[in-house]
Protein chains: 2
Amino acid sequence: METVYFNGKFITKEEVKISPDDRGFLFADGVYEVVRWYQGFFYDLNGHMTRLKRSLRELRINWTDTDSFPDFAEKLIKINSLENQTAMVYLQVTRGAARRSHNFPKPDVLPTVYAYAWGFLPEVKLKETGIKAMLKEDIRWSRCDIKSVALLPNTLSFQEAHENGLKECIFVRNGLITEGSHSNIFFVINGTLYTHPESNYVLSGITRKNILRIAEDCGIKIREEAVEENRLRFVQEAFISNTSAEVMPVTELGGNTIGDGVPGPVTRIISDKFDNEINSLKG
Amino acid sequence: METVYFNGKFITKEEVKISPDDRGFLFADGVYEVVRWYQGFFYDLNGHMTRLKRSLRELRINWTDTDSFPDFAEKLIKINSLENQTAMVYLQVTRGAARRSHNFPKPDVLPTVYAYAWGFLPEVKLKETGIKAMLKEDIRWSRCDIKSVALLPNTLSFQEAHENGLKECIFVRNGLITEGSHSNIFFVINGTLYTHPESNYVLSGITRKNILRIAEDCGIKIREEAVEENRLRFVQEAFISNTSAEVMPVTELGGNTIGDGVPGPVTRIISDKFDNEINSLKG
């Protein structure tokens, strides 16, 4: 039986009762985070906590117990016997339940806090071959920097990729490649690593930040600059990043083969260094 | 005790249990409609049904019982003793509950269908004075034609208006006035009625359509054409429309007084004709 966290209690998922007045259900008025457990620790939990607090602040959701997350996330791992596995914890915080009205509830209501954990097998094989992804006009709102649950455009776009046998949908806005439906994207052009700068058009990925740090440590030249779609033919390597995929090579994008159609050397260096960091943290 | 409709049953709101796996809660993956009961009938239920079916089709949510809505909406009115009042019925249909994944559930799951009714007193006084509204950059996605529950940008924008004592937030995209956070907007310039054409940047309002029909019947010249923000100083009248406000004059927009700062003659003609139509339907 799966045990989840709901408003301060550990209960079975079947016992969770989201109110139909919950603003997460009615308005997508909430934020989320996904953290990864590496058989003993959460990777860069500080990074996730900082981003979570920023998302909550941007939406003015007043969850006073934000700092309780690391503790109950670890409890979820243990209660569900995931301690010695690779696992994830999903957290969602909404503004809470109140009579439907576009304005925020007055007086404030308690936010709804829900979290659950699950074990998974990392995509080792895909990392060797790389993935194919599609390119699509970015139909999302202009506050993609907030990790909100207003993910309808992301799901619609990803579904289109999924039905075409592709593993991610990469967005293009005003001719510039922004990010994926649930990942950031990096490119290598003549040895320089490119990724979209932090802005309201991309989520500031935790893995993205760590990759930039690792790449810098490796002496790789970095430009946080958007790549134009029409410069894709000059790209030698591409990879996406997120908490579950870590560094995932992209060998085909929008029907164009990237480089030689296999994961490239810069991608491999960064991916290996990322793995090394994880292994050293495992101690 | 309030009785609501939930997946085929009439139960109390307290008994409704939205699953934390519901894609409405996790992804804003759902649509909604709000229909108005005029002490005996729903106004233009056909228009709402047509739009509902389109929204479901656009999201590929397969709710086979869509045509049951008129019947259970009326039952909600009657069960809650709202028959002789002005009332509303809210309907929300999500893709259903399934393990969280950006792609659609496979195999399909049953959609979640939730509806409730409430009585209200129309804003008679505000219609006499008109309202003040703010102007703000449109931060929403580019499929505003779908009546989805991904309303976070709408709530954030409306909240800003609300805190400033304003009754609506009107959006501007690329210099053009699109619509409000939960209304369409019309302008009168030299006797001609302007409103944004149907497009992916606005919701095709049911009241909007009926207003256009009524205006045409009155011999008012109509241009379904977006008004540029910088043409606001040439505007003599403005009003917003939606199912609950019907025709609501706007006397101040983005700090600019519209016309003489009182509801204008074209607005009054349309508002009166709208009221007449309702009264004639009441029989």
# chains A, B, ... in the order shown; residues from 1 in each chain; ligands from 1
call {"tool": "closest_atom_pairs", "arguments": {"of": "chain A", "to": "chain B", "cutoff": "7 Å", "atoms": "only C-alpha atoms", "output": "Markdown table"}}
result
| residue | atom | partner | partner_atom | distance |
| --- | --- | --- | --- | --- |
| A:Val16 | CA | B:Pro20 | CA | 6.8 |
| A:Lys17 | CA | B:Lys17 | CA | 4.8 |
| A:Ile18 | CA | B:Ile18 | CA | 4.8 |
| A:Ser19 | CA | B:Ile18 | CA | 6.2 |
| A:Pro20 | CA | B:Ile18 | CA | 6.3 |
| A:Gly24 | CA | B:Phe25 | CA | 5.3 |
| A:Phe25 | CA | B:Phe25 | CA | 4.3 |
| A:Leu26 | CA | B:Val149 | CA | 6.0 |
| A:Phe27 | CA | B:Leu151 | CA | 4.7 |
| A:Ala28 | CA | B:Ala150 | CA | 5.4 |
| A:Asp29 | CA | B:Leu152 | CA | 5.2 |
| A:His102 | CA | B:Thr155 | CA | 4.8 |
| A:Asn103 | CA | B:Gln159 | CA | 4.7 |
| A:Phe104 | CA | B:Gln159 | CA | 6.5 |
| A:Ile139 | CA | B:Ser142 | CA | 5.1 |
| A:Arg140 | CA | B:Trp141 | CA | 4.5 |
| A:Trp141 | CA | B:Trp141 | CA | 3.9 |
| A:Ser142 | CA | B:Ile139 | CA | 5.1 |
| A:Val149 | CA | B:Phe27 | CA | 5.4 |
| A:Ala150 | CA | B:Ala150 | CA | 5.1 |
| A:Leu151 | CA | B:Phe27 | CA | 4.7 |
| A:Leu152 | CA | B:Asp29 | CA | 5.2 |
| A:Thr155 | CA | B:His102 | CA | 4.8 |
| A:Phe158 | CA | B:Asn103 | CA | 6.2 |
| A:Gln159 | CA | B:Asn103 | CA | 4.7 |
| A:His162 | CA | B:Asn103 | CA | 6.8 |
call {"tool": "select_by_dssp", "arguments": {"residues": "segment 25-270 of chain B", "states": "alpha helix (DSSP H)", "output": "mmCIF file with N, CA and C atoms, in the first residue's frame"}}
result
data_model
loop_
_atom_site.group_PDB
_atom_site.id
_atom_site.type_symbol
_atom_site.label_atom_id
_atom_site.label_comp_id
_atom_site.auth_asym_id
_atom_site.auth_seq_id
_atom_site.Cartn_x
_atom_site.Cartn_y
_atom_site.Cartn_z
ATOM 1 N N PHE B 25 -5.936 18.288 -11.307
ATOM 2 C CA PHE B 25 -5.146 18.757 -10.169
ATOM 3 C C PHE B 25 -3.652 18.830 -10.510
ATOM 4 N N LEU B 26 -3.152 17.850 -11.237
ATOM 5 C CA LEU B 26 -1.709 17.756 -11.505
ATOM 6 C C LEU B 26 -1.250 18.604 -12.687
ATOM 7 N N PHE B 27 -2.122 18.741 -13.700
ATOM 8 C CA PHE B 27 -1.679 19.320 -14.976
ATOM 9 C C PHE B 27 -2.608 20.399 -15.539
ATOM 10 N N LEU B 45 -28.008 27.729 -24.002
ATOM 11 C CA LEU B 45 -27.346 26.482 -23.610
ATOM 12 C C LEU B 45 -26.695 25.820 -24.825
ATOM 13 N N ASN B 46 -27.336 25.975 -25.995
ATOM 14 C CA ASN B 46 -26.748 25.412 -27.223
ATOM 15 C C ASN B 46 -25.368 25.985 -27.496
ATOM 16 N N GLY B 47 -25.242 27.289 -27.297
ATOM 17 C CA GLY B 47 -23.942 27.934 -27.516
ATOM 18 C C GLY B 47 -22.891 27.368 -26.583
ATOM 19 N N HIS B 48 -23.263 27.197 -25.319
ATOM 20 C CA HIS B 48 -22.312 26.634 -24.349
ATOM 21 C C HIS B 48 -21.958 25.179 -24.687
ATOM 22 N N MET B 49 -22.966 24.419 -25.124
ATOM 23 C CA MET B 49 -22.719 23.010 -25.466
ATOM 24 C C MET B 49 -21.758 22.897 -26.653
ATOM 25 N N THR B 50 -21.964 23.751 -27.638
ATOM 26 C CA THR B 50 -21.100 23.731 -28.821
ATOM 27 C C THR B 50 -19.654 24.049 -28.423
ATOM 28 N N ARG B 51 -19.515 25.071 -27.566
ATOM 29 C CA ARG B 51 -18.158 25.443 -27.149
ATOM 30 C C ARG B 51 -17.532 24.350 -26.280
ATOM 31 N N LEU B 52 -18.322 23.784 -25.373
ATOM 32 C CA LEU B 52 -17.829 22.691 -24.526
ATOM 33 C C LEU B 52 -17.296 21.539 -25.383
ATOM 34 N N LYS B 53 -18.069 21.164 -26.381
ATOM 35 C CA LYS B 53 -17.654 20.054 -27.250
ATOM 36 C C LYS B 53 -16.376 20.389 -27.993
ATOM 37 N N ARG B 54 -16.266 21.651 -28.415
ATOM 38 C CA ARG B 54 -15.041 22.065 -29.102
ATOM 39 C C ARG B 54 -13.841 21.993 -28.151
ATOM 40 N N SER B 55 -14.006 22.507 -26.915
ATOM 41 C CA SER B 55 -12.897 22.466 -25.943
ATOM 42 C C SER B 55 -12.458 21.015 -25.704
ATOM 43 N N LEU B 56 -13.429 20.139 -25.503
ATOM 44 C CA LEU B 56 -13.109 18.723 -25.259
ATOM 45 C C LEU B 56 -12.389 18.116 -26.460
ATOM 46 N N ARG B 57 -12.860 18.471 -27.653
ATOM 47 C CA ARG B 57 -12.257 17.953 -28.893
ATOM 48 C C ARG B 57 -10.824 18.449 -29.021
ATOM 49 N N GLU B 58 -10.613 19.734 -28.739
ATOM 50 C CA GLU B 58 -9.266 20.300 -28.878
ATOM 51 C C GLU B 58 -8.293 19.614 -27.920
ATOM 52 N N LEU B 59 -8.759 19.236 -26.730
ATOM 53 C CA LEU B 59 -7.880 18.552 -25.757
ATOM 54 C C LEU B 59 -7.969 17.036 -25.900
ATOM 55 N N PHE B 69 -25.304 16.895 -20.012
ATOM 56 C CA PHE B 69 -25.117 18.110 -19.215
ATOM 57 C C PHE B 69 -26.407 18.933 -19.020
ATOM 58 N N PRO B 70 -27.151 19.254 -20.100
ATOM 59 C CA PRO B 70 -28.355 20.074 -19.889
ATOM 60 C C PRO B 70 -29.286 19.474 -18.834
ATOM 61 N N ASP B 71 -29.410 18.167 -18.866
ATOM 62 C CA ASP B 71 -30.312 17.504 -17.935
ATOM 63 C C ASP B 71 -29.815 17.604 -16.489
ATOM 64 N N PHE B 72 -28.530 17.267 -16.249
ATOM 65 C CA PHE B 72 -28.093 17.298 -14.844
ATOM 66 C C PHE B 72 -27.869 18.723 -14.351
ATOM 67 N N ALA B 73 -27.627 19.649 -15.272
ATOM 68 C CA ALA B 73 -27.513 21.060 -14.865
ATOM 69 C C ALA B 73 -28.859 21.530 -14.309
ATOM 70 N N GLU B 74 -29.923 21.188 -15.013
ATOM 71 C CA GLU B 74 -31.249 21.599 -14.551
ATOM 72 C C GLU B 74 -31.608 20.890 -13.242
ATOM 73 N N LYS B 75 -31.215 19.626 -13.130
ATOM 74 C CA LYS B 75 -31.465 18.903 -11.869
ATOM 75 C C LYS B 75 -30.749 19.593 -10.712
ATOM 76 N N LEU B 76 -29.522 20.056 -10.965
ATOM 77 C CA LEU B 76 -28.767 20.754 -9.903
ATOM 78 C C LEU B 76 -29.515 22.002 -9.446
ATOM 79 N N ILE B 77 -30.079 22.720 -10.420
ATOM 80 C CA ILE B 77 -30.858 23.913 -10.092
ATOM 81 C C ILE B 77 -32.034 23.530 -9.192
ATOM 82 N N LYS B 78 -32.728 22.481 -9.581
ATOM 83 C CA LYS B 78 -33.943 22.098 -8.846
ATOM 84 C C LYS B 78 -33.629 21.509 -7.476
ATOM 85 N N ILE B 79 -32.668 20.608 -7.416
ATOM 86 C CA ILE B 79 -32.305 19.976 -6.128
ATOM 87 C C ILE B 79 -31.900 21.037 -5.104
ATOM 88 N N VAL B 124 -26.668 44.941 -10.493
ATOM 89 C CA VAL B 124 -27.498 45.962 -11.134
ATOM 90 C C VAL B 124 -26.871 47.353 -11.017
ATOM 91 N N LYS B 125 -26.357 47.634 -9.832
ATOM 92 C CA LYS B 125 -25.835 48.976 -9.577
ATOM 93 C C LYS B 125 -24.586 49.272 -10.424
ATOM 94 N N LEU B 126 -23.700 48.289 -10.502
ATOM 95 C CA LEU B 126 -22.474 48.481 -11.283
ATOM 96 C C LEU B 126 -22.783 48.743 -12.760
ATOM 97 N N LYS B 127 -23.866 48.137 -13.241
ATOM 98 C CA LYS B 127 -24.236 48.356 -14.640
ATOM 99 C C LYS B 127 -24.625 49.809 -14.891
ATOM 100 N N GLU B 128 -25.113 50.460 -13.868
ATOM 101 C CA GLU B 128 -25.499 51.866 -14.004
ATOM 102 C C GLU B 128 -24.277 52.785 -14.019
ATOM 103 N N THR B 129 -23.322 52.484 -13.160
ATOM 104 C CA THR B 129 -22.146 53.357 -13.050
ATOM 105 C C THR B 129 -21.035 52.956 -14.007
ATOM 106 N N LEU B 152 -4.232 29.898 -14.076
ATOM 107 C CA LEU B 152 -3.315 30.598 -13.169
ATOM 108 C C LEU B 152 -2.996 32.020 -13.641
ATOM 109 N N PRO B 153 -2.629 32.225 -14.917
ATOM 110 C CA PRO B 153 -2.340 33.603 -15.359
ATOM 111 C C PRO B 153 -3.549 34.521 -15.206
ATOM 112 N N ASN B 154 -4.752 33.988 -15.440
ATOM 113 C CA ASN B 154 -5.965 34.797 -15.288
ATOM 114 C C ASN B 154 -6.160 35.209 -13.831
ATOM 115 N N THR B 155 -5.947 34.262 -12.909
ATOM 116 C CA THR B 155 -6.158 34.594 -11.494
ATOM 117 C C THR B 155 -5.113 35.595 -11.015
ATOM 118 N N LEU B 156 -3.850 35.400 -11.422
ATOM 119 C CA LEU B 156 -2.796 36.332 -10.996
ATOM 120 C C LEU B 156 -3.087 37.736 -11.509
ATOM 121 N N SER B 157 -3.535 37.818 -12.744
ATOM 122 C CA SER B 157 -3.803 39.124 -13.352
ATOM 123 C C SER B 157 -5.025 39.766 -12.710
ATOM 124 N N PHE B 158 -6.065 38.962 -12.501
ATOM 125 C CA PHE B 158 -7.274 39.523 -11.888
ATOM 126 C C PHE B 158 -7.001 39.981 -10.464
ATOM 127 N N GLN B 159 -6.182 39.203 -9.735
ATOM 128 C CA GLN B 159 -5.862 39.576 -8.354
ATOM 129 C C GLN B 159 -5.226 40.964 -8.294
ATOM 130 N N GLU B 160 -4.370 41.233 -9.276
ATOM 131 C CA GLU B 160 -3.706 42.541 -9.330
ATOM 132 C C GLU B 160 -4.753 43.651 -9.494
ATOM 133 N N ALA B 161 -5.725 43.420 -10.362
ATOM 134 C CA ALA B 161 -6.802 44.393 -10.539
ATOM 135 C C ALA B 161 -7.579 44.545 -9.235
ATOM 136 N N HIS B 162 -7.961 43.410 -8.689
ATOM 137 C CA HIS B 162 -8.768 43.359 -7.458
ATOM 138 C C HIS B 162 -8.109 44.161 -6.329
ATOM 139 N N GLU B 163 -6.807 43.997 -6.174
ATOM 140 C CA GLU B 163 -6.103 44.697 -5.088
ATOM 141 C C GLU B 163 -6.036 46.197 -5.321
ATOM 142 N N ILE B 206 -19.768 33.299 -25.287
ATOM 143 C CA ILE B 206 -21.155 33.085 -25.709
ATOM 144 C C ILE B 206 -21.891 34.427 -25.689
ATOM 145 N N THR B 207 -21.686 35.205 -24.638
ATOM 146 C CA THR B 207 -22.313 36.524 -24.564
ATOM 147 C C THR B 207 -21.769 37.419 -25.682
ATOM 148 N N ARG B 208 -20.464 37.316 -25.944
ATOM 149 C CA ARG B 208 -19.851 38.066 -27.053
ATOM 150 C C ARG B 208 -20.611 37.812 -28.361
ATOM 151 N N LYS B 209 -20.857 36.538 -28.667
ATOM 152 C CA LYS B 209 -21.561 36.184 -29.913
ATOM 153 C C LYS B 209 -22.966 36.763 -29.947
ATOM 154 N N ASN B 210 -23.652 36.648 -28.804
ATOM 155 C CA ASN B 210 -25.026 37.152 -28.765
ATOM 156 C C ASN B 210 -25.069 38.675 -28.868
ATOM 157 N N ILE B 211 -24.082 39.325 -28.305
ATOM 158 C CA ILE B 211 -23.996 40.788 -28.418
ATOM 159 C C ILE B 211 -23.778 41.190 -29.876
ATOM 160 N N LEU B 212 -22.913 40.469 -30.557
ATOM 161 C CA LEU B 212 -22.663 40.795 -31.968
ATOM 162 C C LEU B 212 -23.947 40.624 -32.793
ATOM 163 N N ARG B 213 -24.687 39.565 -32.493
ATOM 164 C CA ARG B 213 -25.952 39.335 -33.205
ATOM 165 C C ARG B 213 -26.947 40.468 -32.912
ATOM 166 N N ILE B 214 -27.053 40.806 -31.621
ATOM 167 C CA ILE B 214 -27.988 41.863 -31.212
ATOM 168 C C ILE B 214 -27.586 43.211 -31.825
ATOM 169 N N ALA B 215 -26.293 43.521 -31.811
ATOM 170 C CA ALA B 215 -25.813 44.787 -32.371
ATOM 171 C C ALA B 215 -26.129 44.868 -33.860
ATOM 172 N N GLU B 216 -25.954 43.735 -34.541
ATOM 173 C CA GLU B 216 -26.248 43.706 -35.976
ATOM 174 C C GLU B 216 -27.739 43.968 -36.217
ATOM 175 N N ASP B 217 -28.573 43.318 -35.396
ATOM 176 C CA ASP B 217 -30.021 43.524 -35.503
ATOM 177 C C ASP B 217 -30.397 44.994 -35.286
ATOM 178 N N PRO B 265 -24.142 55.686 -25.054
ATOM 179 C CA PRO B 265 -25.443 55.360 -25.681
ATOM 180 C C PRO B 265 -25.449 54.018 -26.427
ATOM 181 N N VAL B 266 -24.377 53.676 -27.113
ATOM 182 C CA VAL B 266 -24.363 52.400 -27.851
ATOM 183 C C VAL B 266 -24.367 51.240 -26.851
ATOM 184 N N THR B 267 -23.593 51.386 -25.778
ATOM 185 C CA THR B 267 -23.568 50.379 -24.721
ATOM 186 C C THR B 267 -24.959 50.173 -24.143
ATOM 187 N N ARG B 268 -25.655 51.299 -23.894
ATOM 188 C CA ARG B 268 -27.007 51.222 -23.317
ATOM 189 C C ARG B 268 -27.988 50.518 -24.253
ATOM 190 N N ILE B 269 -27.896 50.860 -25.539
ATOM 191 C CA ILE B 269 -28.806 50.218 -26.515
ATOM 192 C C ILE B 269 -28.605 48.702 -26.487
ATOM 193 N N ILE B 270 -27.324 48.293 -26.535
ATOM 194 C CA ILE B 270 -27.038 46.855 -26.586
ATOM 195 C C ILE B 270 -27.453 46.178 -25.282
#
call {"tool": "select_by_dssp", "arguments": {"residues": "segment 2-236 of chain B", "states": "strand (DSSP E or B)", "output": "short mmCIF file (atom, residue, chain, number, x, y, z; two decimals) with N, CA and C atoms, in the first residue's frame"}}
result
data_model
loop_
_atom_site.label_atom_id
_atom_site.label_comp_id
_atom_site.auth_asym_id
_atom_site.auth_seq_id
_atom_site.Cartn_x
_atom_site.Cartn_y
_atom_site.Cartn_z
N THR B 3 -25.92 20.30 -2.82
CA THR B 3 -25.80 19.07 -3.60
C THR B 3 -25.11 19.37 -4.92
N VAL B 4 -24.10 18.58 -5.24
CA VAL B 4 -23.33 18.78 -6.47
C VAL B 4 -23.42 17.50 -7.32
N TYR B 5 -22.91 17.61 -8.52
CA TYR B 5 -22.88 16.45 -9.43
C TYR B 5 -21.44 15.98 -9.54
N PHE B 6 -21.22 14.69 -9.36
CA PHE B 6 -19.86 14.17 -9.46
C PHE B 6 -19.90 12.77 -10.08
N LYS B 9 -23.27 11.06 -10.13
CA LYS B 9 -24.07 11.02 -8.90
C LYS B 9 -24.34 12.41 -8.35
N PHE B 10 -25.46 12.55 -7.67
CA PHE B 10 -25.76 13.78 -6.95
C PHE B 10 -25.42 13.55 -5.48
N ILE B 11 -24.41 14.24 -4.99
CA ILE B 11 -23.95 14.05 -3.61
C ILE B 11 -23.66 15.41 -2.99
N THR B 12 -23.36 15.44 -1.71
CA THR B 12 -22.99 16.72 -1.11
C THR B 12 -21.56 17.06 -1.53
N ILE B 18 -11.82 14.33 -5.04
CA ILE B 18 -10.98 14.40 -6.24
C ILE B 18 -9.69 13.65 -5.92
N ASP B 22 -5.69 13.07 -10.16
CA ASP B 22 -6.54 13.68 -11.19
C ASP B 22 -5.71 14.64 -12.03
N GLY B 30 -7.97 19.95 -18.19
CA GLY B 30 -9.42 19.87 -18.18
C GLY B 30 -10.05 21.14 -18.71
N VAL B 31 -11.34 21.09 -18.92
CA VAL B 31 -12.08 22.24 -19.46
C VAL B 31 -13.26 22.56 -18.53
N TYR B 32 -13.86 23.73 -18.76
CA TYR B 32 -15.02 24.08 -17.93
C TYR B 32 -16.00 24.91 -18.75
N GLU B 33 -17.19 25.05 -18.20
CA GLU B 33 -18.22 25.94 -18.75
C GLU B 33 -19.00 26.50 -17.57
N VAL B 34 -19.56 27.67 -17.75
CA VAL B 34 -20.45 28.25 -16.75
C VAL B 34 -21.71 28.70 -17.49
N VAL B 35 -22.86 28.16 -17.09
CA VAL B 35 -24.11 28.53 -17.75
C VAL B 35 -25.01 29.25 -16.75
N ARG B 36 -25.85 30.13 -17.29
CA ARG B 36 -26.68 30.97 -16.41
C ARG B 36 -28.16 30.63 -16.50
N TRP B 37 -28.74 30.50 -15.34
CA TRP B 37 -30.16 30.17 -15.18
C TRP B 37 -30.92 31.45 -14.87
N TYR B 38 -31.92 31.75 -15.76
CA TYR B 38 -32.73 32.96 -15.56
C TYR B 38 -34.12 32.57 -15.05
N PHE B 42 -31.94 28.11 -18.99
CA PHE B 42 -30.53 28.45 -19.23
C PHE B 42 -30.45 29.26 -20.52
N THR B 86 -31.94 33.81 -9.93
CA THR B 86 -30.87 33.90 -10.90
C THR B 86 -29.75 33.02 -10.35
N ALA B 87 -29.25 32.13 -11.18
CA ALA B 87 -28.27 31.16 -10.68
C ALA B 87 -27.29 30.79 -11.78
N MET B 88 -26.24 30.08 -11.40
CA MET B 88 -25.23 29.63 -12.35
C MET B 88 -24.97 28.15 -12.12
N VAL B 89 -24.54 27.49 -13.17
CA VAL B 89 -24.04 26.12 -13.02
C VAL B 89 -22.62 26.09 -13.59
N TYR B 90 -21.68 25.62 -12.78
CA TYR B 90 -20.29 25.46 -13.20
C TYR B 90 -20.07 23.99 -13.51
N LEU B 91 -19.46 23.71 -14.64
CA LEU B 91 -19.14 22.33 -15.03
C LEU B 91 -17.65 22.24 -15.30
N GLN B 92 -17.00 21.22 -14.76
CA GLN B 92 -15.58 20.98 -15.07
C GLN B 92 -15.40 19.52 -15.47
N VAL B 93 -14.70 19.31 -16.57
CA VAL B 93 -14.42 17.96 -17.05
C VAL B 93 -12.90 17.83 -17.23
N THR B 94 -12.29 16.90 -16.51
CA THR B 94 -10.84 16.70 -16.68
C THR B 94 -10.59 15.36 -17.37
N ALA B 97 -8.14 10.50 -13.75
CA ALA B 97 -7.04 10.21 -12.80
C ALA B 97 -6.17 9.07 -13.33
N THR B 112 -13.13 12.94 -15.33
CA THR B 112 -13.76 13.38 -14.08
C THR B 112 -14.76 14.47 -14.44
N VAL B 113 -15.99 14.32 -14.00
CA VAL B 113 -17.04 15.30 -14.31
C VAL B 113 -17.62 15.83 -13.01
N TYR B 114 -17.50 17.13 -12.84
CA TYR B 114 -17.95 17.77 -11.60
C TYR B 114 -18.76 19.01 -11.95
N ALA B 115 -19.87 19.22 -11.28
CA ALA B 115 -20.69 20.41 -11.53
C ALA B 115 -21.39 20.83 -10.24
N TYR B 116 -21.58 22.13 -10.12
CA TYR B 116 -22.34 22.62 -8.96
C TYR B 116 -23.09 23.88 -9.37
N ALA B 117 -24.09 24.23 -8.58
CA ALA B 117 -24.95 25.38 -8.88
C ALA B 117 -24.96 26.34 -7.70
N TRP B 118 -25.14 27.61 -8.01
CA TRP B 118 -25.28 28.59 -6.92
C TRP B 118 -26.13 29.77 -7.39
N GLY B 119 -26.86 30.32 -6.44
CA GLY B 119 -27.68 31.48 -6.76
C GLY B 119 -26.89 32.76 -6.51
N ILE B 131 -17.74 50.10 -14.68
CA ILE B 131 -16.61 49.65 -13.86
C ILE B 131 -15.30 50.26 -14.36
N LYS B 132 -14.30 50.20 -13.47
CA LYS B 132 -12.94 50.58 -13.86
C LYS B 132 -12.13 49.29 -14.01
N ALA B 133 -11.28 49.27 -15.01
CA ALA B 133 -10.47 48.08 -15.26
C ALA B 133 -9.02 48.47 -15.50
N MET B 134 -8.11 47.53 -15.26
CA MET B 134 -6.71 47.81 -15.54
C MET B 134 -6.31 47.19 -16.88
N LEU B 135 -5.17 47.62 -17.38
CA LEU B 135 -4.59 47.06 -18.60
C LEU B 135 -3.28 46.39 -18.22
N LYS B 136 -3.02 45.24 -18.79
CA LYS B 136 -1.81 44.52 -18.42
C LYS B 136 -1.37 43.65 -19.59
N GLU B 137 -0.07 43.46 -19.70
CA GLU B 137 0.47 42.58 -20.74
C GLU B 137 -0.16 41.19 -20.58
N SER B 148 -9.98 26.14 -20.95
CA SER B 148 -9.32 25.18 -20.07
C SER B 148 -9.23 25.72 -18.65
N GLU B 168 -11.78 44.41 -13.34
CA GLU B 168 -11.33 43.45 -14.35
C GLU B 168 -9.93 43.83 -14.79
N CYS B 169 -9.21 42.82 -15.29
CA CYS B 169 -7.90 43.07 -15.89
C CYS B 169 -8.02 42.77 -17.38
N ILE B 170 -7.74 43.76 -18.20
CA ILE B 170 -7.83 43.61 -19.65
C ILE B 170 -6.42 43.40 -20.20
N PHE B 171 -6.28 42.43 -21.08
CA PHE B 171 -4.96 42.05 -21.59
C PHE B 171 -4.59 42.76 -22.89
N VAL B 172 -3.29 43.02 -23.02
CA VAL B 172 -2.73 43.59 -24.24
C VAL B 172 -1.64 42.64 -24.72
N ARG B 173 -1.74 42.21 -25.98
CA ARG B 173 -0.70 41.33 -26.54
C ARG B 173 -0.19 41.98 -27.82
N LEU B 176 -1.97 44.99 -28.98
CA LEU B 176 -3.40 44.89 -29.28
C LEU B 176 -4.18 44.45 -28.04
N ILE B 177 -5.34 45.04 -27.84
CA ILE B 177 -6.20 44.65 -26.71
C ILE B 177 -6.93 43.36 -27.09
N THR B 178 -6.75 42.32 -26.27
CA THR B 178 -7.34 41.02 -26.61
C THR B 178 -8.68 40.81 -25.90
N GLU B 179 -8.65 40.64 -24.58
CA GLU B 179 -9.87 40.38 -23.80
C GLU B 179 -9.52 40.54 -22.33
N GLY B 180 -10.50 40.26 -21.45
CA GLY B 180 -10.26 40.36 -20.02
C GLY B 180 -9.90 39.01 -19.42
N ASN B 184 -14.89 39.17 -22.39
CA ASN B 184 -14.47 39.77 -23.66
C ASN B 184 -14.64 41.27 -23.51
N ILE B 185 -14.02 42.03 -24.41
CA ILE B 185 -14.18 43.49 -24.34
C ILE B 185 -14.56 44.06 -25.70
N PHE B 186 -15.43 45.06 -25.63
CA PHE B 186 -15.92 45.75 -26.83
C PHE B 186 -15.60 47.24 -26.69
N PHE B 187 -15.40 47.88 -27.84
CA PHE B 187 -15.17 49.32 -27.87
C PHE B 187 -16.10 49.96 -28.91
N VAL B 188 -16.45 51.20 -28.65
CA VAL B 188 -17.18 51.98 -29.65
C VAL B 188 -16.29 53.14 -30.07
N ILE B 189 -16.00 53.18 -31.37
CA ILE B 189 -15.21 54.27 -31.94
C ILE B 189 -16.00 54.86 -33.10
N THR B 192 -18.91 52.84 -34.40
CA THR B 192 -18.67 51.45 -34.80
C THR B 192 -18.25 50.62 -33.59
N LEU B 193 -18.81 49.40 -33.53
CA LEU B 193 -18.52 48.49 -32.42
C LEU B 193 -17.33 47.59 -32.79
N TYR B 194 -16.29 47.65 -31.97
CA TYR B 194 -15.08 46.84 -32.19
C TYR B 194 -14.95 45.77 -31.12
N THR B 195 -14.51 44.58 -31.53
CA THR B 195 -14.07 43.57 -30.57
C THR B 195 -13.05 42.68 -31.27
N LYS B 221 -22.86 49.30 -36.75
CA LYS B 221 -21.74 48.85 -37.59
C LYS B 221 -20.74 48.08 -36.72
N ILE B 222 -20.34 46.93 -37.17
CA ILE B 222 -19.48 46.05 -36.38
C ILE B 222 -18.15 45.81 -37.09
N ARG B 223 -17.06 45.88 -36.34
CA ARG B 223 -15.77 45.43 -36.89
C ARG B 223 -15.11 44.49 -35.89
N GLU B 224 -15.02 43.22 -36.27
CA GLU B 224 -14.31 42.25 -35.42
C GLU B 224 -12.83 42.41 -35.72
N VAL B 227 -8.39 46.33 -31.20
CA VAL B 227 -8.08 47.75 -31.02
C VAL B 227 -6.69 47.87 -30.41
N GLU B 228 -5.87 48.73 -31.02
CA GLU B 228 -4.53 48.94 -30.48
C GLU B 228 -4.61 49.73 -29.18
#
call {"tool": "atom_distance", "arguments": {"atom1": "atom CA of Ser68 of chain A", "atom2": "atom CA of Gly8 of chain A"}}
result
9.5 Å
call {"tool": "atom_distance", "arguments": {"atom1": "atom CA of Glu83 of chain B", "atom2": "atom CA of Ser271 of chain B"}}
result
24.3 Å
